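S.K.: First, the structure itself, so that you have it in front of you.
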Amino acid sequence: MNIRRLLALLPLLLAVAPVQAQIEVLCRPIHSHFLIGEESTVRVEVRNQTSTPLIIAGSNRNAKVSFELTTETGSAVPAKRELPFAVSDIIKPGQEWIRAVDLQPFFDLRNTGRLKLRAVVEWDGNAYLSAKSFFNIERGVEIVKRTVSSGTGPEKVMIKYSLRTVAREEGEILFLCLEHPDTHTRFAAANLGTMIRLYVPHLLRDSGGRIHVLHQSAPNRFTHSEISAAGRMLNQEHFSNDYQMPEMKELEGTIIVRGRPYIPGDERRMPLGPDVR
């Protein structure tokens, strides 16, 4: 191209060339599939390339961080409340701010389906959006269920406990779900960790209303989980199945689990019999 013609076009080329955004926003869910009721965590990153600190909480806030969540049909997922960031959440010029945010308390995630996610930063009259990312909400595959009554008198209600799985990169993940047996409204979903399907998980309830689950979590490991009546993880302990199978029983309202404790890195093998000489 003639050099004079190139110089004449240079102002026009500069006018239409993309300009680096003053604020860069990245957002992605930590999993591609979430179970209804579990923590639905996304990772959000904001890079401040302005000369002004971005204050996203407190009385002197000058910026806002929020999320756009829509269904495949484009309908907005109802928001319950605004995300509460801390006063210390200040993104200084040239710095990067990274947070893990659980969307579960802030959006209505009771329906299954594929959702589209975007993070938004509003500052100085402009909105800066992250690229679109997607994740799925699902009920999970049910493998064990039990419906029991909880409470007494007018407070007595029926609750369905079910063990459900969802497939992820690290394997099949087992959850204990609490829901209404008729409306299927889910109250909570406790993550019990990875599961192997060689043995059916065992589910029991003690006299205090706590739920106990014993399941195979690795080829040489079983996991006993104790969950509160509200669906909160209280304790986990691990057992080896090298020499004997762990077992869980109910005795007068008390749950007893017997087995050899699992030692991480223990490579001992089951004895095959007397040495052959």
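Quick note on naming: the chains in the structure tokens go A, B, ... in the order shown, residues restart at 1 in each chain, and ligands are numbered from 1 in order of appearance.
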Can you build me a table of range 18-107 of chain A residues sitting at most 12 Å from range 122-127 of chain A, with the closest atom pair per residue and its distance in Å to one decimal, using only C-alpha atoms, sorted by chain and residue number, as JSON lines?
M.R.:
{"residue": "A:Ala21", "atom": "CA", "partner": "A:Ala127", "partner_atom": "CA", "distance": 10.6}
{"residue": "A:Gln22", "atom": "CA", "partner": "A:Trp123", "partner_atom": "CA", "distance": 10.0}
{"residue": "A:Ile23", "atom": "CA", "partner": "A:Trp123", "partner_atom": "CA", "distance": 8.9}
{"residue": "A:Glu24", "atom": "CA", "partner": "A:Ala127", "partner_atom": "CA", "distance": 10.7}
{"residue": "A:Val25", "atom": "CA", "partner": "A:Ala127", "partner_atom": "CA", "distance": 10.3}
{"residue": "A:Val46", "atom": "CA", "partner": "A:Glu122", "partner_atom": "CA", "distance": 11.5}
{"residue": "A:Asn48", "atom": "CA", "partner": "A:Trp123", "partner_atom": "CA", "distance": 10.8}
{"residue": "A:Thr50", "atom": "CA", "partner": "A:Trp123", "partner_atom": "CA", "distance": 10.4}
{"residue": "A:Thr52", "atom": "CA", "partner": "A:Trp123", "partner_atom": "CA", "distance": 10.2}
{"residue": "A:Pro53", "atom": "CA", "partner": "A:Trp123", "partner_atom": "CA", "distance": 10.6}
{"residue": "A:Leu54", "atom": "CA", "partner": "A:Trp123", "partner_atom": "CA", "distance": 7.9}
{"residue": "A:Ile55", "atom": "CA", "partner": "A:Trp123", "partner_atom": "CA", "distance": 9.6}
{"residue": "A:Ile56", "atom": "CA", "partner": "A:Glu122", "partner_atom": "CA", "distance": 9.4}
{"residue": "A:Arg61", "atom": "CA", "partner": "A:Trp123", "partner_atom": "CA", "distance": 9.9}
{"residue": "A:Asn62", "atom": "CA", "partner": "A:Trp123", "partner_atom": "CA", "distance": 6.6}
{"residue": "A:Ala63", "atom": "CA", "partner": "A:Trp123", "partner_atom": "CA", "distance": 4.8}
{"residue": "A:Lys64", "atom": "CA", "partner": "A:Glu122", "partner_atom": "CA", "distance": 5.1}
{"residue": "A:Val65", "atom": "CA", "partner": "A:Glu122", "partner_atom": "CA", "distance": 6.6}
{"residue": "A:Ser66", "atom": "CA", "partner": "A:Glu122", "partner_atom": "CA", "distance": 8.4}
{"residue": "A:Phe67", "atom": "CA", "partner": "A:Glu122", "partner_atom": "CA", "distance": 11.0}
{"residue": "A:Glu68", "atom": "CA", "partner": "A:Ala127", "partner_atom": "CA", "distance": 12.0}
S.K.: Save the residues we just selected, C-alpha atoms, as an mmCIF file, in the first residue's frame?
M.R.:
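Done, and the output landed in again30.cif:
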data_model
loop_
_atom_site.group_PDB
_atom_site.id
_atom_site.type_symbol
_atom_site.label_atom_id
_atom_site.label_comp_id
_atom_site.auth_asym_id
_atom_site.auth_seq_id
_atom_site.Cartn_x
_atom_site.Cartn_y
_atom_site.Cartn_z
ATOM 1 C CA ALA A 21 -11.143 -2.108 28.931
ATOM 2 C CA GLN A 22 -10.459 -0.024 32.023
ATOM 3 C CA ILE A 23 -11.899 -2.845 34.126
ATOM 4 C CA GLU A 24 -11.511 -6.498 33.169
ATOM 5 C CA VAL A 25 -13.992 -8.986 34.622
ATOM 6 C CA VAL A 46 -11.763 -8.094 38.690
ATOM 7 C CA ASN A 48 -8.629 -2.594 37.966
ATOM 8 C CA THR A 50 -8.107 2.619 36.074
ATOM 9 C CA THR A 52 -9.092 5.123 40.843
ATOM 10 C CA PRO A 53 -9.634 2.613 43.662
ATOM 11 C CA LEU A 54 -12.835 0.609 43.208
ATOM 12 C CA ILE A 55 -14.750 0.563 46.501
ATOM 13 C CA ILE A 56 -17.527 -2.023 46.267
ATOM 14 C CA ARG A 61 -18.949 2.773 47.614
ATOM 15 C CA ASN A 62 -18.182 3.975 44.085
ATOM 16 C CA ALA A 63 -18.555 0.631 42.253
ATOM 17 C CA LYS A 64 -20.872 -2.357 42.310
ATOM 18 C CA VAL A 65 -20.221 -6.047 41.632
ATOM 19 C CA SER A 66 -23.209 -8.202 40.712
ATOM 20 C CA PHE A 67 -24.171 -11.227 38.622
ATOM 21 C CA GLU A 68 -26.506 -11.783 35.690
#
S.K.: Any idea what's packed within 6 Å of range 252-265 of chain A, counting only C-alpha atoms, ignoring anything in its chain fewer than 3 positions away? Could you give it as a list in words?
M.R.: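 Result of the neighbour search: Asp206, Ser207, His238, Phe239, Ser240, Pro246, Glu247, Met248 and Lys249 of chain A.
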S.K.: Write out as a PyMOL selection string each polymer residue whose atoms come within 10 Å of Leu83 in chain A, counting only C-alpha atoms; drop sequence neighbours fewer than 2 positions from it.
M.R.: chain A and resi 57+64-67+79-81+85-86+101-103+105-106
S.K.: Taking only C-alpha atoms into account, which of A:His33, A:Arg197, A:Arg221, A:Lys160 comes nearest Thr183 in chain A?
M.R.: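 For Thr183 in chain A, the nearest of the candidates is A:Lys160.
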S.K.: If you measure from CA of Phe135 in chain A to CA of Lys116 in chain A, what distance in Å do you get, rounded to one decimal?
M.R.: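 It comes out at 6.9 Å.
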S.K.: Write out as a list of chain:residue names which residues come within 8 Å of Arg43 in chain A when counting only C-alpha atoms, dropping same-chain ones fewer than 2 positions away.
M.R.: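 Once the adjacent positions are removed, what remains is A:Cys27, A:Arg28, A:Pro29, A:Ile30, A:Thr41, A:Glu45, A:Ile98, A:Arg99, A:Ala100, A:Val101.
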S.K.: Quick one: residues within 12 Å of Ser150 in chain A, only C-alpha atoms, excluding same-chain residues fewer than 3 positions away - as a ChimeraX atom specification?
M.R.: /A:147,153-161,178,180,205-210,229-230
S.K.: Of the candidates A:Gln216, A:Gln236, A:Thr185, A:Asn60, which one gets nearest to Asp89 in chain A if we count only C-alpha atoms?
M.R.: A:Asn60
S.K.: Give me every strand (DSSP E or B) residue in range 51-266 of chain A, going by DSSP on the backbone, as a VMD selection string.
M.R.: chain A and resid 54 to 55 63 to 71 76 79 90 to 91 96 to 102 107 113 to 123 126 to 129 133 to 138 141 to 150 157 to 168 171 to 179 186 to 194 202 to 205 211 to 218 221 to 227 233 to 240 247 to 251 254 to 258 260 to 261
S.K.: Using only C-alpha atoms, which of the listed residues (A:Pro181, A:Leu35, A:Arg232, A:Ser217) sits closest to Val141 in chain A?
M.R.: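 With only C-alpha atoms as the atom set, the closest residue is A:Leu35.
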S.K.: With distances taken over only C-alpha atoms, which residue among A:Phe107, A:Tyr128, A:Phe222, A:Phe134 lies nearest Leu26 in chain A?
M.R.: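 Ranking A:Phe107, A:Tyr128, A:Phe222, A:Phe134 by distance to Leu26 in chain A, first place goes to A:Tyr128.
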